[in-house]
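Novice: Data: start15.cif, mmCIF, C-alpha atoms.
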data_structure
#
loop_
_atom_site.label_atom_id
_atom_site.label_comp_id
_atom_site.auth_asym_id
_atom_site.auth_seq_id
_atom_site.Cartn_x
_atom_site.Cartn_y
_atom_site.Cartn_z
CA MET A 1 0.00 0.00 0.00
CA SER A 2 1.39 3.41 -0.98
CA TRP A 3 1.85 6.27 1.44
CA GLN A 4 -0.97 8.15 -0.31
CA ALA A 5 -3.34 5.31 0.55
CA TYR A 6 -2.24 5.45 4.20
CA VAL A 7 -2.83 9.20 4.31
CA PHE A 8 -6.29 8.75 2.76
CA PHE A 9 -7.17 6.02 5.26
CA LEU A 10 -5.92 8.15 8.17
CA ALA A 11 -7.97 11.13 6.97
CA LEU A 12 -11.14 9.01 6.85
CA LEU A 13 -10.41 7.65 10.33
CA CYS A 14 -9.88 11.17 11.72
CA ILE A 15 -13.11 12.42 10.18
CA PHE A 16 -15.02 9.47 11.64
CA CYS A 17 -13.57 10.09 15.11
CA LEU A 18 -14.28 13.81 14.90
CA GLN A 19 -17.92 13.22 13.98
CA LYS A 20 -18.45 10.78 16.84
CA THR A 21 -16.67 13.10 19.29
CA LEU A 22 -18.90 16.02 18.31
CA ILE A 23 -22.02 13.91 18.74
CA ALA A 24 -20.81 12.58 22.11
CA ASN A 25 -20.03 16.09 23.37
CA VAL A 26 -23.42 17.45 22.37
CA SER A 27 -25.23 14.45 23.88
CA ALA A 28 -23.29 14.78 27.15
CA LYS A 29 -24.02 18.49 27.37
CA TYR A 30 -27.67 18.61 26.29
CA GLY A 31 -28.87 15.05 26.95
CA ILE A 32 -29.58 12.01 24.80
CA GLU A 33 -33.02 13.40 23.96
CA THR A 34 -31.32 15.83 21.58
CA LEU A 35 -30.51 12.89 19.28
CA LEU A 36 -34.02 11.44 19.20
CA PRO A 37 -35.35 13.91 16.61
CA LEU A 38 -32.75 12.70 14.08
CA GLY A 39 -35.21 10.18 12.71
CA SER A 40 -37.73 12.91 11.94
CA PHE A 41 -34.90 15.08 10.59
CA ILE A 42 -33.88 12.40 8.08
CA ALA A 43 -37.50 11.88 7.09
CA THR A 44 -37.97 15.62 6.63
CA VAL A 45 -34.95 15.87 4.32
CA TYR A 46 -36.13 12.95 2.21
CA ILE A 47 -39.68 14.26 1.99
CA ALA A 48 -38.42 17.71 1.00
CA CYS A 49 -36.13 16.23 -1.68
CA LEU A 50 -38.92 14.01 -3.01
CA ALA A 51 -41.32 16.95 -3.15
CA HIS A 52 -38.73 19.02 -4.99
CA LEU A 53 -38.19 16.22 -7.48
CA LEU A 54 -41.86 15.57 -8.16
CA PHE A 55 -43.41 19.01 -7.96
CA THR A 56 -40.64 21.46 -8.86
CA TYR A 57 -38.76 19.39 -11.43
CA GLY A 58 -41.81 17.46 -12.56
CA GLY A 59 -43.75 20.70 -12.95
CA LEU A 60 -40.98 22.29 -15.00
CA VAL A 61 -40.75 19.25 -17.27
CA PHE A 62 -44.51 19.21 -17.81
CA LEU A 63 -45.27 22.93 -18.06
CA ILE A 64 -42.16 24.23 -19.82
CA GLY A 65 -40.60 21.13 -21.33
CA LYS A 66 -43.97 19.84 -22.59
CA ILE A 67 -42.87 16.32 -21.73
CA ASN A 68 -44.65 13.66 -19.69
CA PRO A 69 -42.91 13.74 -16.27
CA PHE A 70 -43.38 10.01 -15.71
CA ILE A 71 -41.58 9.18 -18.95
CA PHE A 72 -38.90 11.74 -18.13
CA PHE A 73 -38.12 10.25 -14.71
CA LYS A 74 -38.11 6.77 -16.23
CA ARG A 75 -35.48 7.96 -18.69
CA VAL A 76 -33.22 9.62 -16.12
CA TYR A 77 -33.40 7.00 -13.37
CA PRO A 78 -29.83 5.72 -14.10
CA VAL A 79 -28.50 9.16 -13.16
CA MET A 80 -30.57 9.20 -10.00
CA VAL A 81 -29.31 5.75 -8.96
CA VAL A 82 -25.64 6.62 -9.52
CA ALA A 83 -26.02 9.97 -7.73
CA PHE A 84 -27.78 8.28 -4.80
CA THR A 85 -25.01 5.72 -4.35
CA SER A 86 -21.97 7.86 -5.17
CA ARG A 87 -23.07 11.08 -3.41
CA SER A 88 -21.05 13.08 -5.92
CA SER A 89 -22.29 15.32 -8.73
CA TYR A 90 -18.83 15.27 -10.29
CA GLY A 91 -18.58 11.50 -10.05
CA THR A 92 -21.99 11.13 -11.71
CA LEU A 93 -21.14 13.51 -14.57
CA PRO A 94 -20.22 10.83 -17.18
CA VAL A 95 -23.54 9.07 -16.57
CA THR A 96 -25.37 12.39 -16.61
CA LEU A 97 -23.98 13.22 -20.05
CA GLU A 98 -24.80 9.79 -21.41
CA VAL A 99 -28.38 9.93 -20.16
CA ILE A 100 -28.97 13.47 -21.42
CA ILE A 101 -27.68 12.66 -24.90
CA GLN A 102 -28.85 9.09 -25.39
CA ARG A 103 -32.00 8.83 -23.31
CA LEU A 104 -33.34 12.40 -23.42
CA LYS A 105 -32.20 12.98 -27.01
CA VAL A 106 -30.74 16.38 -26.15
CA PRO A 107 -28.06 17.60 -28.61
CA GLU A 108 -24.48 17.03 -27.50
CA LYS A 109 -23.55 20.71 -27.63
CA ILE A 110 -26.27 21.52 -25.08
CA ALA A 111 -25.50 18.51 -22.89
CA HIS A 112 -21.77 19.25 -22.77
CA PHE A 113 -22.46 22.83 -21.75
CA VAL A 114 -25.28 22.36 -19.22
CA ALA A 115 -24.20 19.19 -17.39
CA PRO A 116 -20.67 20.28 -16.32
CA LEU A 117 -21.98 23.71 -15.39
CA GLY A 118 -24.80 22.15 -13.39
CA ALA A 119 -22.38 19.84 -11.56
CA THR A 120 -20.61 22.99 -10.41
CA ILE A 121 -23.35 25.46 -9.52
CA ASN A 122 -26.64 23.55 -9.39
CA MET A 123 -26.84 22.34 -5.79
CA ASP A 124 -30.53 22.60 -4.90
CA GLY A 125 -30.33 19.72 -2.43
CA CYS A 126 -26.98 20.39 -0.77
CA GLY A 127 -26.94 24.18 -0.84
CA GLY A 128 -30.64 25.01 -0.83
CA LEU A 129 -32.90 22.50 0.91
CA TYR A 130 -30.48 21.04 3.43
CA PRO A 131 -29.09 24.20 5.10
CA ALA A 132 -32.61 25.59 5.46
CA ILE A 133 -33.89 22.39 7.09
CA VAL A 134 -30.87 22.24 9.41
CA ALA A 135 -31.41 25.87 10.43
CA VAL A 136 -35.03 25.18 11.42
CA PHE A 137 -33.98 21.94 13.14
CA VAL A 138 -31.24 23.63 15.18
CA SER A 139 -33.52 26.50 16.18
CA SER A 140 -36.08 23.96 17.41
CA ILE A 141 -33.50 21.94 19.37
CA TYR A 142 -32.09 25.04 21.08
CA GLY A 143 -35.53 26.58 21.65
CA ILE A 144 -34.77 29.67 19.56
CA ASP A 145 -37.72 31.37 17.89
CA LEU A 146 -36.90 32.60 14.40
CA SER A 147 -38.37 35.87 13.18
CA MET A 148 -39.80 36.37 9.71
CA THR A 149 -36.68 38.33 8.79
CA GLN A 150 -34.50 35.38 9.78
CA TYR A 151 -36.63 33.00 7.71
CA ILE A 152 -36.27 35.27 4.68
CA LEU A 153 -32.54 35.48 5.30
CA ILE A 154 -32.32 31.69 5.43
CA ILE A 155 -34.11 31.45 2.09
CA VAL A 156 -31.87 34.06 0.45
CA ILE A 157 -28.58 32.66 1.76
CA SER A 158 -29.57 29.06 0.98
CA THR A 159 -30.44 30.08 -2.56
CA ILE A 160 -27.04 31.73 -2.97
CA ALA A 161 -25.38 28.66 -1.43
CA THR A 162 -26.69 26.48 -4.26
CA ILE A 163 -24.12 28.21 -6.48
CA GLY A 164 -21.16 27.99 -4.12
CA THR A 165 -21.38 24.38 -2.96
CA ALA A 166 -18.88 21.95 -4.49
CA GLY A 167 -20.17 18.77 -6.11
CA VAL A 168 -18.39 16.35 -3.76
CA PRO A 169 -19.63 14.53 -0.63
CA GLY A 170 -19.84 16.50 2.61
CA THR A 171 -19.42 20.07 1.35
CA SER A 172 -22.98 21.01 2.24
CA SER A 173 -21.92 21.13 5.90
CA VAL A 174 -19.68 24.09 5.11
CA MET A 175 -22.54 26.02 3.52
CA THR A 176 -24.80 25.08 6.42
CA THR A 177 -22.43 26.75 8.88
CA VAL A 178 -22.69 29.92 6.78
CA VAL A 179 -26.48 29.84 6.99
CA LEU A 180 -26.50 29.14 10.73
CA SER A 181 -24.06 31.92 11.57
CA SER A 182 -25.89 34.38 9.32
CA VAL A 183 -29.11 34.09 11.31
CA GLY A 184 -27.43 33.92 14.71
CA LEU A 185 -27.92 30.20 15.35
CA PRO A 186 -25.25 28.16 17.19
CA VAL A 187 -22.94 26.58 14.61
CA GLU A 188 -22.17 23.72 16.99
CA GLY A 189 -25.74 22.57 16.43
CA LEU A 190 -24.52 21.15 13.15
CA ALA A 191 -22.78 18.43 15.17
CA LEU A 192 -26.21 16.95 15.86
CA VAL A 193 -26.75 16.03 12.22
CA ILE A 194 -23.21 15.37 10.98
CA GLY A 195 -23.51 11.76 12.10
CA VAL A 196 -26.32 11.13 9.60
CA ASP A 197 -24.84 13.30 6.87
CA ALA A 198 -24.05 10.35 4.60
CA ILE A 199 -27.65 9.15 4.78
CA VAL A 200 -29.21 12.47 3.81
CA ASP A 201 -26.43 13.27 1.33
CA MET A 202 -27.70 10.51 -0.93
CA ALA A 203 -31.05 12.27 -1.31
CA ARG A 204 -29.44 15.69 -1.67
CA THR A 205 -27.13 14.57 -4.48
CA THR A 206 -30.00 12.89 -6.31
CA VAL A 207 -31.85 16.20 -6.35
CA ASN A 208 -28.77 18.06 -7.59
CA VAL A 209 -28.02 15.75 -10.51
CA THR A 210 -31.65 15.33 -11.57
CA GLY A 211 -31.84 19.11 -11.82
CA ASP A 212 -29.04 19.05 -14.39
CA THR A 213 -31.05 16.71 -16.63
CA VAL A 214 -34.14 18.89 -16.25
CA VAL A 215 -32.27 22.05 -17.22
CA SER A 216 -30.73 20.31 -20.23
CA LEU A 217 -34.19 19.34 -21.43
CA LEU A 218 -35.56 22.84 -20.90
CA VAL A 219 -32.64 24.48 -22.71
CA ALA A 220 -33.08 22.12 -25.65
CA ARG A 221 -36.78 22.98 -25.71
CA SER A 222 -36.13 26.73 -25.56
CA GLU A 223 -33.60 26.45 -28.39
CA LYS A 224 -36.11 24.38 -30.41
CA GLU A 225 -33.61 21.53 -30.63
CA LEU A 226 -35.60 18.92 -28.75
CA ASP A 227 -37.11 16.35 -31.09
CA GLU A 228 -40.19 15.31 -29.13
CA GLU A 229 -41.08 12.54 -31.58
CA THR A 230 -37.62 11.00 -31.23
CA PHE A 231 -37.85 11.37 -27.46
CA TYR A 232 -41.08 9.39 -27.23
CA ASN A 233 -40.19 6.80 -29.89
CA ALA A 234 -36.58 6.04 -29.00
CA LYS A 235 -36.22 2.37 -29.92
CA ASP A 236 -32.71 2.04 -28.53
CA LEU A 237 -34.07 2.31 -24.99
CA GLU A 238 -36.23 -0.79 -25.16
CA GLY A 239 -35.22 -3.24 -22.52
CA ARG A 240 -32.78 -0.85 -20.87
#
Could you take the file, read its structure, and then write that structure out as structure tokens?

Specialist:
Amino acid sequence: MSWQAYVFFLALLCIFCLQKTLIANVSAKYGIETLLPLGSFIATVYIACLAHLLFTYGGLVFLIGKINPFIFFKRVYPVMVVAFTSRSSYGTLPVTLEVIIQRLKVPEKIAHFVAPLGATINMDGCGGLYPAIVAVFVSSIYGIDLSMTQYILIIVISTIATIGTAGVPGTSSVMTTVVLSSVGLPVEGLALVIGVDAIVDMARTTVNVTGDTVVSLLVARSEKELDEETFYNAKDLEGR
């Protein structure tokens, strides 16, 4: 084993120990009951991501793309599966390009422009939904009432964070600290949810990458380069 592999293994071990230490410290200070809401927190993140997929993305595909959302999601499910398991928008990029070009029938010039750009700045799940949910969760745990101004600030900063979050696992925690500090919430509250970050990151990344396929379709439609007949009658997708 090379020294680089040892360094990588040591880094993973340190991160694991740090996460468990943070959770242990918070539990010792505030009681084990602070960890009980984590189940509802995970459920909330998944419900929010699912709603965003079905209603926001599905609505855009139907109303603007003029495409049946059910057929669309059937076509892009390989991207969603890879994103869910890899937790990386960058790592999913080759599959994203293949699906956009071969399964959505979007021209290559549009796919090669939109997909890499989306993997960089389109982070609806990691930079938008997640920090906002964490902010509300932390305020509830610490018994802090948020004003309407703080809620608006959370929305604005989370929206901006969708552009600045990197497409690799775990970076959403950095943007979450920005949101928490901006509205005066204790940043250490993030330690409560870091332990389940990998679980919720799968849903967040799925939202991010699916958004790239949606935008590619919409751009192709706006540029009048989407062949709807070819989309619906693609024979090469049978059995795949």

Novice: Using the chain letters and numbers from the file, which residues does the PyMOL selection byres ((chain A and resi 90-101) around 8) grab, as a PDB file with C-alpha atoms, keeping the file's coordinate frame?

Specialist:
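The resulting part-v2.pdb:
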ATOM      1  CA  ARG A  75     -35.480   7.960 -18.690  1.00  0.00           C
ATOM      2  CA  VAL A  76     -33.220   9.620 -16.120  1.00  0.00           C
ATOM      3  CA  PRO A  78     -29.830   5.720 -14.100  1.00  0.00           C
ATOM      4  CA  VAL A  79     -28.500   9.160 -13.160  1.00  0.00           C
ATOM      5  CA  VAL A  82     -25.640   6.620  -9.520  1.00  0.00           C
ATOM      6  CA  ALA A  83     -26.020   9.970  -7.730  1.00  0.00           C
ATOM      7  CA  SER A  86     -21.970   7.860  -5.170  1.00  0.00           C
ATOM      8  CA  SER A  88     -21.050  13.080  -5.920  1.00  0.00           C
ATOM      9  CA  SER A  89     -22.290  15.320  -8.730  1.00  0.00           C
ATOM     10  CA  GLN A 102     -28.850   9.090 -25.390  1.00  0.00           C
ATOM     11  CA  ARG A 103     -32.000   8.830 -23.310  1.00  0.00           C
ATOM     12  CA  LEU A 104     -33.340  12.400 -23.420  1.00  0.00           C
ATOM     13  CA  LYS A 105     -32.200  12.980 -27.010  1.00  0.00           C
ATOM     14  CA  VAL A 106     -30.740  16.380 -26.150  1.00  0.00           C
ATOM     15  CA  PRO A 107     -28.060  17.600 -28.610  1.00  0.00           C
ATOM     16  CA  GLU A 108     -24.480  17.030 -27.500  1.00  0.00           C
ATOM     17  CA  ALA A 111     -25.500  18.510 -22.890  1.00  0.00           C
ATOM     18  CA  HIS A 112     -21.770  19.250 -22.770  1.00  0.00           C
ATOM     19  CA  ALA A 115     -24.200  19.190 -17.390  1.00  0.00           C
ATOM     20  CA  PRO A 116     -20.670  20.280 -16.320  1.00  0.00           C
ATOM     21  CA  ALA A 119     -22.380  19.840 -11.560  1.00  0.00           C
ATOM     22  CA  THR A 120     -20.610  22.990 -10.410  1.00  0.00           C
ATOM     23  CA  GLY A 167     -20.170  18.770  -6.110  1.00  0.00           C
ATOM     24  CA  VAL A 168     -18.390  16.350  -3.760  1.00  0.00           C
ATOM     25  CA  VAL A 209     -28.020  15.750 -10.510  1.00  0.00           C
ATOM     26  CA  ASP A 212     -29.040  19.050 -14.390  1.00  0.00           C
ATOM     27  CA  THR A 213     -31.050  16.710 -16.630  1.00  0.00           C
ATOM     28  CA  SER A 216     -30.730  20.310 -20.230  1.00  0.00           C
ATOM     29  CA  LEU A 217     -34.190  19.340 -21.430  1.00  0.00           C
TER      30      LEU A 217
END

Novice: State, in Å with one decimal place, the distance from atom CA of A:Val193 to atom CA of A:Val138.

Specialist: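 Between atom CA of A:Val193 and atom CA of A:Val138 the gap is 9.3 Å.
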
Novice: Given the file shown, enumerate the residues that the PyMOL selection byres ((chain A and resi 62-72) around 9) captures and present them as a VMD selection string.

Specialist: chain A and resid 54 57 to 61 73 to 77 104 214 217 to 222 228 232

Novice: Select, from A:Val136, A:Ser147, A:Ile47, A:Met123, the residue with the minimum atom-to-atom distance to A:Gly189, counting all atoms listed in the file.

Specialist: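 Ranking A:Val136, A:Ser147, A:Ile47, A:Met123 by distance to A:Gly189, first place goes to A:Val136.
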
Novice: What is the distance, in Å and to one decimal place, between atom CA of A:Asp124 and atom CA of A:Leu192?

Specialist: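 Distance reported for this atom pair: 21.9 Å.
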
Novice: Assuming the chain letters and numbering stay as they are in my file, what does the PyMOL selection byres ((chain A and resi 146) around 10) actually select? List them as a ChimeraX atom specification.

Specialist: /A:135-136,139-140,143-145,147-151,183-185

Novice: Stretch 44-46 of chain A: which residues within 8 Å, counting only C-alpha atoms, same-chain residues fewer than 5 positions away excluded, as a list in words?

Specialist: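 Surrounding residues, per the criterion: Leu129, Tyr130, Ile133, Val200 and Ala203 of chain A.
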